[in-house]
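Here is run.txt, consisting of compact mmCIF, C-alpha atoms:
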```
# COMPACT_ATOMS: atom_id res chain seq x y z
CA MET A 1 -35.01 20.39 -79.31
CA PRO A 2 -33.54 16.85 -79.65
CA LEU A 3 -35.73 16.30 -82.72
CA LEU A 4 -34.59 19.55 -84.32
CA ILE A 5 -30.94 18.71 -83.60
CA LEU A 6 -31.47 15.30 -85.18
CA VAL A 7 -32.92 16.84 -88.35
CA VAL A 8 -30.05 19.30 -88.67
CA LEU A 9 -27.47 16.53 -88.27
CA LEU A 10 -29.34 14.27 -90.68
CA ALA A 11 -29.56 17.00 -93.32
CA ALA A 12 -25.91 17.95 -92.89
CA SER A 13 -24.65 14.37 -93.16
CA THR A 14 -26.95 12.96 -95.87
CA TRP A 15 -28.13 15.97 -97.89
CA ARG A 16 -27.60 14.04 -101.13
CA ASN A 17 -30.39 11.68 -100.14
CA ARG A 18 -33.58 12.76 -101.96
CA LEU A 19 -35.85 11.67 -99.13
CA VAL A 20 -33.81 13.70 -96.63
CA ARG A 21 -34.02 16.78 -98.84
CA PHE A 22 -37.76 16.25 -99.26
CA LEU A 23 -38.33 15.90 -95.49
CA THR A 24 -36.22 18.98 -94.71
CA CYS A 25 -38.05 21.13 -97.25
CA MET A 26 -41.42 19.85 -96.04
CA LEU A 27 -40.56 20.71 -92.44
CA VAL A 28 -39.69 24.27 -93.42
CA LEU A 29 -42.82 24.60 -95.56
CA ILE A 30 -45.11 23.19 -92.86
CA GLY A 31 -43.54 25.39 -90.19
CA VAL A 32 -44.15 28.51 -92.29
CA ALA A 33 -47.68 27.46 -93.24
CA SER A 34 -48.60 26.78 -89.60
CA LEU A 35 -48.14 30.49 -88.88
CA GLY A 36 -51.26 31.18 -90.94
CA PRO A 37 -51.93 34.47 -92.76
CA VAL A 38 -51.12 36.69 -89.78
CA VAL A 39 -48.32 36.63 -87.19
CA TYR A 40 -49.58 37.07 -83.62
CA LEU A 41 -47.64 38.17 -80.57
CA GLN A 42 -49.41 37.74 -77.21
CA ASN A 43 -52.76 37.31 -79.00
CA ARG A 44 -52.28 40.54 -80.96
CA PRO A 45 -51.80 40.65 -84.75
CA VAL A 46 -48.32 41.92 -85.59
CA ALA A 47 -47.92 41.54 -89.35
CA ASN A 48 -49.65 40.12 -92.39
CA LEU A 49 -47.63 37.47 -94.19
CA PRO A 50 -47.07 37.77 -97.98
CA TRP A 51 -48.83 34.49 -98.70
CA GLY A 52 -51.83 35.33 -96.54
CA GLY A 53 -54.11 35.50 -99.57
CA LEU A 54 -53.73 31.75 -100.09
CA PHE A 55 -55.73 31.19 -96.91
CA ASN A 56 -58.81 32.61 -98.64
CA LEU A 57 -59.04 29.58 -100.92
CA PRO A 58 -62.10 27.34 -100.41
CA ILE A 59 -60.34 24.47 -98.64
CA VAL A 60 -57.53 26.28 -96.84
CA ARG A 61 -59.73 29.00 -95.33
CA ASP A 62 -61.47 26.41 -93.14
CA ALA A 63 -58.21 24.95 -91.83
CA TRP A 64 -56.90 25.66 -88.33
CA THR A 65 -53.32 26.34 -89.33
CA SER A 66 -51.60 25.27 -86.09
CA ARG A 67 -52.91 21.76 -86.72
CA LEU A 68 -50.53 21.53 -89.67
CA MET A 69 -47.78 20.83 -87.13
CA ILE A 70 -49.17 17.30 -86.92
CA PHE A 71 -47.60 16.69 -90.34
CA ALA A 72 -44.35 18.23 -89.10
CA PHE A 73 -44.15 15.61 -86.35
CA LEU A 74 -44.86 12.92 -88.94
CA ALA A 75 -41.90 14.16 -90.97
CA LEU A 76 -39.77 14.25 -87.81
CA ALA A 77 -40.71 10.65 -87.05
CA VAL A 78 -39.59 9.56 -90.53
CA ALA A 79 -36.39 11.55 -90.11
CA THR A 80 -35.72 9.75 -86.82
CA ALA A 81 -36.21 6.38 -88.51
CA LEU A 82 -33.74 7.37 -91.24
CA TRP A 83 -31.25 8.57 -88.62
CA LEU A 84 -31.30 5.22 -86.83
CA SER A 85 -31.30 3.12 -90.00
CA HIS A 86 -27.82 4.21 -91.08
CA PRO A 87 -25.20 1.44 -91.32
CA PRO A 88 -23.25 0.79 -88.11
CA SER A 89 -20.31 3.10 -87.55
CA ARG A 90 -18.14 4.52 -84.78
CA SER A 91 -20.70 7.26 -84.19
CA MET A 92 -23.55 4.78 -83.74
CA TRP A 93 -23.59 5.46 -79.99
CA LEU A 94 -24.25 9.15 -80.73
CA ARG A 95 -27.27 8.29 -82.84
CA TRP A 96 -28.82 6.13 -80.17
CA LEU A 97 -27.96 8.65 -77.46
CA LEU A 98 -29.85 11.34 -79.37
CA ALA A 99 -32.74 8.90 -79.90
CA ALA A 100 -32.80 8.20 -76.16
CA LEU A 101 -32.94 11.93 -75.44
CA ILE A 102 -35.93 12.20 -77.77
CA VAL A 103 -37.75 9.44 -75.88
CA VAL A 104 -36.96 11.11 -72.54
CA ASN A 105 -38.17 14.46 -73.90
CA VAL A 106 -41.45 12.95 -75.08
CA ALA A 107 -41.92 11.22 -71.72
CA ILE A 108 -41.37 14.50 -69.85
CA GLU A 109 -43.89 16.29 -72.06
CA ALA A 110 -46.46 13.54 -71.56
CA PHE A 111 -45.93 13.17 -67.78
CA PRO A 112 -48.46 15.86 -66.67
CA THR A 113 -51.23 14.15 -68.62
CA LEU A 114 -50.46 10.82 -66.93
CA GLY A 115 -51.29 12.31 -63.54
CA SER A 116 -54.48 14.02 -64.62
CA GLN A 117 -57.78 12.43 -63.74
CA ILE A 118 -61.04 12.56 -65.61
CA SER A 119 -63.80 13.94 -63.43
CA ALA A 120 -66.30 11.42 -62.12
CA VAL A 121 -69.53 11.27 -64.07
CA PRO A 122 -72.51 12.02 -61.76
CA ALA A 123 -74.95 9.28 -60.90
CA PHE A 124 -77.53 11.10 -63.02
CA ILE A 125 -75.61 9.72 -66.01
CA SER A 126 -73.66 6.72 -64.67
CA ALA A 127 -76.70 5.20 -62.91
CA GLY A 128 -79.02 5.91 -65.83
CA GLN A 129 -81.22 8.29 -63.82
CA TYR A 130 -81.44 10.56 -66.86
CA ARG A 131 -83.81 8.05 -68.48
CA SER A 132 -86.62 9.02 -66.11
CA GLN A 133 -85.93 12.74 -66.53
CA LEU A 134 -85.19 13.13 -70.23
CA SER A 135 -86.71 11.66 -73.33
CA ARG A 136 -84.53 9.64 -75.69
CA GLY A 137 -82.55 11.94 -77.98
CA GLU A 138 -83.53 15.07 -76.04
CA ILE A 139 -81.32 18.11 -76.59
CA VAL A 140 -79.72 19.46 -73.42
CA VAL A 141 -77.17 22.06 -72.36
CA VAL A 142 -74.65 20.95 -69.73
CA VAL A 143 -73.30 23.65 -67.41
CA SER A 144 -70.22 22.76 -65.40
CA LYS A 145 -66.88 24.17 -64.32
CA ILE A 146 -65.25 21.16 -65.94
CA ARG A 147 -64.66 21.71 -69.62
CA ASN A 148 -66.50 19.47 -72.05
CA SER A 149 -68.50 17.68 -69.39
CA GLY A 150 -71.41 17.58 -71.82
CA LEU A 151 -69.55 15.52 -74.39
CA LEU A 152 -68.36 13.13 -71.69
CA TRP A 153 -71.86 12.72 -70.30
CA GLN A 154 -73.21 12.14 -73.78
CA ALA A 155 -70.65 9.41 -74.43
CA GLU A 156 -71.29 7.75 -71.06
CA SER A 157 -75.02 7.71 -71.75
CA GLY A 158 -74.44 5.79 -74.96
CA TYR A 159 -75.50 8.88 -76.92
CA GLN A 160 -79.02 8.66 -75.59
CA ILE A 161 -79.00 12.45 -75.21
CA ARG A 162 -77.97 15.20 -77.60
CA ILE A 163 -75.71 18.04 -76.51
CA ALA A 164 -75.96 21.69 -77.49
CA GLY A 165 -72.45 23.10 -77.41
CA GLY A 166 -69.16 21.35 -76.73
CA PHE A 167 -65.57 22.46 -77.19
CA PHE A 168 -63.85 21.26 -80.35
CA ASN A 169 -61.38 23.88 -81.52
CA ASP A 170 -60.01 27.24 -80.42
CA GLY A 171 -60.77 28.56 -83.88
CA PHE A 172 -64.53 28.32 -83.42
CA VAL A 173 -65.09 29.93 -80.03
CA GLY A 174 -64.26 33.50 -81.07
CA HIS A 175 -63.92 35.90 -78.15
CA VAL A 176 -65.85 33.79 -75.65
CA PRO A 177 -63.96 33.49 -72.32
CA ASP A 178 -62.12 30.20 -71.87
CA ARG A 179 -64.40 29.11 -69.01
CA LEU A 180 -67.43 29.43 -71.31
CA ALA A 181 -65.88 28.06 -74.49
CA ASP A 182 -67.87 24.82 -74.49
CA LEU A 183 -71.25 26.58 -74.23
CA PRO A 184 -73.34 27.94 -77.11
CA PRO A 185 -72.87 31.74 -77.37
CA ALA A 186 -76.52 32.35 -76.49
CA ILE A 187 -76.01 30.47 -73.21
CA ALA A 188 -72.63 32.00 -72.41
CA GLY A 189 -74.11 35.44 -73.07
CA LEU A 190 -76.23 35.17 -69.93
CA VAL A 191 -73.19 36.24 -67.95
CA SER A 192 -73.87 39.82 -69.08
CA ARG A 193 -77.29 39.68 -67.32
CA ASN A 194 -79.15 42.11 -69.55
CA SER A 195 -82.43 41.93 -71.47
CA ALA A 196 -80.70 41.38 -74.82
CA SER A 197 -78.88 38.31 -73.50
CA VAL A 198 -82.12 36.87 -72.11
CA THR A 199 -83.87 37.45 -75.45
CA ALA A 200 -81.03 35.67 -77.26
CA PHE A 201 -81.27 32.86 -74.72
CA GLU A 202 -85.03 32.45 -75.25
CA THR A 203 -84.65 32.48 -79.03
CA TYR A 204 -81.91 29.87 -78.90
CA ILE A 205 -83.86 27.56 -76.59
CA ARG A 206 -86.88 27.63 -78.90
CA ARG A 207 -85.11 27.41 -82.24
CA SER A 208 -82.69 24.69 -81.11
CA LYS A 209 -85.45 22.83 -79.24
CA VAL A 210 -83.40 22.55 -76.06
CA GLY A 211 -85.43 20.45 -73.64
CA ALA A 212 -83.44 20.96 -70.45
CA ILE A 213 -80.45 22.65 -68.90
CA LEU A 214 -78.34 20.33 -66.77
CA VAL A 215 -76.20 22.00 -64.10
CA ASP A 216 -73.43 19.95 -62.54
CA ALA A 217 -74.25 20.40 -58.83
CA GLY A 218 -70.77 19.39 -57.70
CA ASN A 219 -69.01 21.71 -60.13
CA LYS A 220 -71.51 24.52 -60.52
CA PRO A 221 -70.09 27.79 -61.87
CA GLY A 222 -71.08 30.96 -60.00
CA TRP A 223 -73.09 32.41 -62.87
CA ALA A 224 -75.33 29.30 -62.92
CA ARG A 225 -77.26 30.88 -60.03
CA LEU A 226 -78.84 33.04 -62.70
CA VAL A 227 -80.66 30.10 -64.31
CA PRO A 228 -83.50 29.82 -61.72
CA ARG A 229 -83.81 33.62 -61.72
CA LEU A 230 -84.77 33.40 -65.40
CA GLY A 231 -87.98 31.67 -64.38
CA LEU A 232 -86.83 28.08 -64.85
CA VAL A 233 -87.69 25.65 -62.05
CA GLY A 234 -85.16 22.92 -61.35
CA HIS A 235 -84.76 19.85 -59.18
CA GLU A 236 -81.65 17.88 -58.25
CA VAL A 237 -81.26 14.26 -59.28
CA GLY A 238 -78.07 12.24 -58.94
CA GLY A 239 -75.78 15.23 -58.56
CA VAL A 240 -77.34 17.18 -61.43
CA ILE A 241 -79.83 20.05 -61.23
CA VAL A 242 -82.33 19.55 -64.04
CA TYR A 243 -84.07 22.66 -65.39
CA PRO A 244 -86.77 21.70 -67.95
CA THR A 245 -87.09 24.63 -70.36
CA ASP A 246 -90.65 24.05 -71.64
CA GLY A 247 -89.79 26.22 -74.62
CA CYS A 248 -88.75 29.00 -72.26
CA ARG A 249 -92.38 30.07 -71.86
CA ALA A 250 -91.77 31.26 -68.29
CA CYS A 251 -88.46 32.99 -69.01
CA HIS A 252 -88.07 36.62 -67.99
CA VAL A 253 -85.31 39.15 -67.38
CA PRO A 254 -83.96 38.70 -63.84
CA GLN A 255 -84.22 41.73 -61.62
CA THR A 256 -81.05 43.16 -60.12
CA ARG A 257 -80.95 44.47 -56.57
CA ALA A 258 -80.95 48.02 -57.86
CA ALA A 259 -84.04 47.38 -59.97
CA ALA A 260 -85.81 45.77 -57.02
CA ARG A 261 -85.26 48.87 -54.94
```
Structure rendered as structure tokens:
Amino acid sequence: MPLLILVVLLAASTWRNRLVRFLTCMLVLIGVASLGPVVYLQNRPVANLPWGGLFNLPIVRDAWTSRLMIFAFLALAVATALWLSHPPSRSMWLRWLLAALIVVNVAIEAFPTLGSQISAVPAFISAGQYRSQLSRGEIVVVVSKIRNSGLLWQAESGYQIRIAGGFFNDGFVGHVPDRLADLPPAIAGLVSRNSASVTAFETYIRRSKVGAILVDAGNKPGWARLVPRLGLVGHEVGGVIVYPTDGCRACHVPQTRAAAR
């Protein structure tokens, strides 16, 4: 809100300035464009926007429209610099007071992230134990309750392993539940526990040449209990349960209690 108030005051007081007019128009344009082709309300499409067809163009159709707000904040930063660069006057205290409010607002927004802690990397990775379990450049799937553990492990290993999956953008995960968003769809599909999901899993393991599934023992999701029931045999090393896939040759559809009866 302090930033928006600043822009309104800047535009009202120095509208004759070409740069101010340009920044104001760009902010409006970016704000409208960030809505994308469809307006959503509580994750439900409400209305198609008149300019929605523009998002079918080759470059624009691959853009995640909410990211356009990055440029809006760039314009707001320039507007703040212009606001503070005005010649000294009696209202100078008001300018700096508004600037101070902006700093406080940014600090409040950033405060929760300052207290967050990155989960500890298991000894399997930090102590280099993966070297005796995986070949260099081997493709693995990391299963953990902590989002994007796979990408963190890969970075900590010096990119000695390759990761299947990883969370990059809300626009690419489709309708996959948030807790499974960093897993390949064929892996996340195992939650349904049917023959079709197991077939998709087997196909993915073979085509993608996944050498092992790594389950974070300290942050193991409940559905990970299904992995050994698929026929994969695992062993725990350094806080990680390693399930070599062997091309999924031993994979089979797990039996439910009803089927066993």
Closest to Ile139 (chain A) among A:Val104, A:Ala164, A:Ile30, A:Leu35, using all atoms listed in the file? A:Ala164
Proximity to Ala99 (chain A) - best of A:Leu4, A:Leu152, A:Leu49, A:Ile161, all atoms listed in the file: A:Leu4
Any idea what the distance is between CA of Leu27 (chain A) and CA of Ala72 (chain A)?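 Between CA of Leu27 (chain A) and CA of Ala72 (chain A) the gap works out to 5.6 Å.
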Give me the residues near Trp153 (chain A) as a PyMOL selection string, where near means some atom within 9 Å (using all atoms listed in the file) and where sequence neighbours in that chain fewer than 2 positions away do not count. chain A and resi 121-122+125-126+142+148-151+155-159+161
Looking at A:Lys145, A:Lys209, A:Arg225, A:Arg67, which one is nearest to Pro244 (chain A), with distances taken over all atoms listed in the file?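 That would be A:Lys209, the residue with the smallest distance to Pro244 (chain A).
Here CA of Gly36 (chain A) and CA of Met69 (chain A) stand 11.6 Å from one another.
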To one decimal place in Å, what is the distance between CA of Val78 (chain A) and CA of Val106 (chain A)?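 We find that CA of Val78 (chain A) and CA of Val106 (chain A) lie 15.9 Å from each other.
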When you count only C-alpha atoms, which of these residues is closest to Gln133 (chain A): A:His235, A:Arg147, A:Arg207, A:Arg162?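 Counting only C-alpha atoms, the residue closest to Gln133 (chain A) is A:His235.
If you measure from each of A:Asn43, A:Ser132, A:Asn56, A:Thr14 to Trp83 (chain A) using all atoms listed in the file, the closest one turns out to be A:Thr14.
Residues in contact range of Val242 (chain A), defined as at most 9 Å between only C-alpha atoms, with sequence neighbours fewer than 3 positions away removed, read A:Gln133, A:Ala212, A:Ile213, A:Leu214, A:Val215, A:Val233, A:Gly234, A:His235, A:Glu236, A:Val237.
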Just the selected residues (C-alpha atoms), exported as a short mmCIF file (atom, residue, chain, number, x, y, z; two decimals), in the coordinates of the input, please.
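Wrote result-v3.cif, looks like this:
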```cif
data_model
loop_
_atom_site.label_atom_id
_atom_site.label_comp_id
_atom_site.auth_asym_id
_atom_site.auth_seq_id
_atom_site.Cartn_x
_atom_site.Cartn_y
_atom_site.Cartn_z
CA GLN A 133 -85.93 12.74 -66.53
CA ALA A 212 -83.44 20.96 -70.45
CA ILE A 213 -80.45 22.65 -68.90
CA LEU A 214 -78.34 20.33 -66.77
CA VAL A 215 -76.20 22.00 -64.10
CA VAL A 233 -87.69 25.65 -62.05
CA GLY A 234 -85.16 22.92 -61.35
CA HIS A 235 -84.76 19.85 -59.18
CA GLU A 236 -81.65 17.88 -58.25
CA VAL A 237 -81.26 14.26 -59.28
#
```
Compile the contact shell of Trp51 (chain A) as a VMD selection string: residues with an atom at most 9 Å away, counting all atoms listed in the file, same-chain residues fewer than 4 positions apart removed. chain A and resid 33 36 to 37 55
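Using only C-alpha atoms, the smallest distance between any of A:Gly247, A:Pro221, A:Pro254, A:Gly211 and Val198 (chain A) comes from A:Pro254.
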Skip Ala75 (chain A) itself and residues of its chain fewer than 2 positions away, then list as a VMD selection string all residues within 9 Å of it, counting all atoms listed in the file. chain A and resid 23 to 24 26 to 27 70 to 73 77 to 80
Which residues are close to Arg206 (chain A), i.e. within 12 Å by only C-alpha atoms, leaving aside same-chain residues fewer than 3 positions away? Reply as an NGL selection string. :A and (139 or 186 or 199-203 or 209-212 or 245-249 or 251)
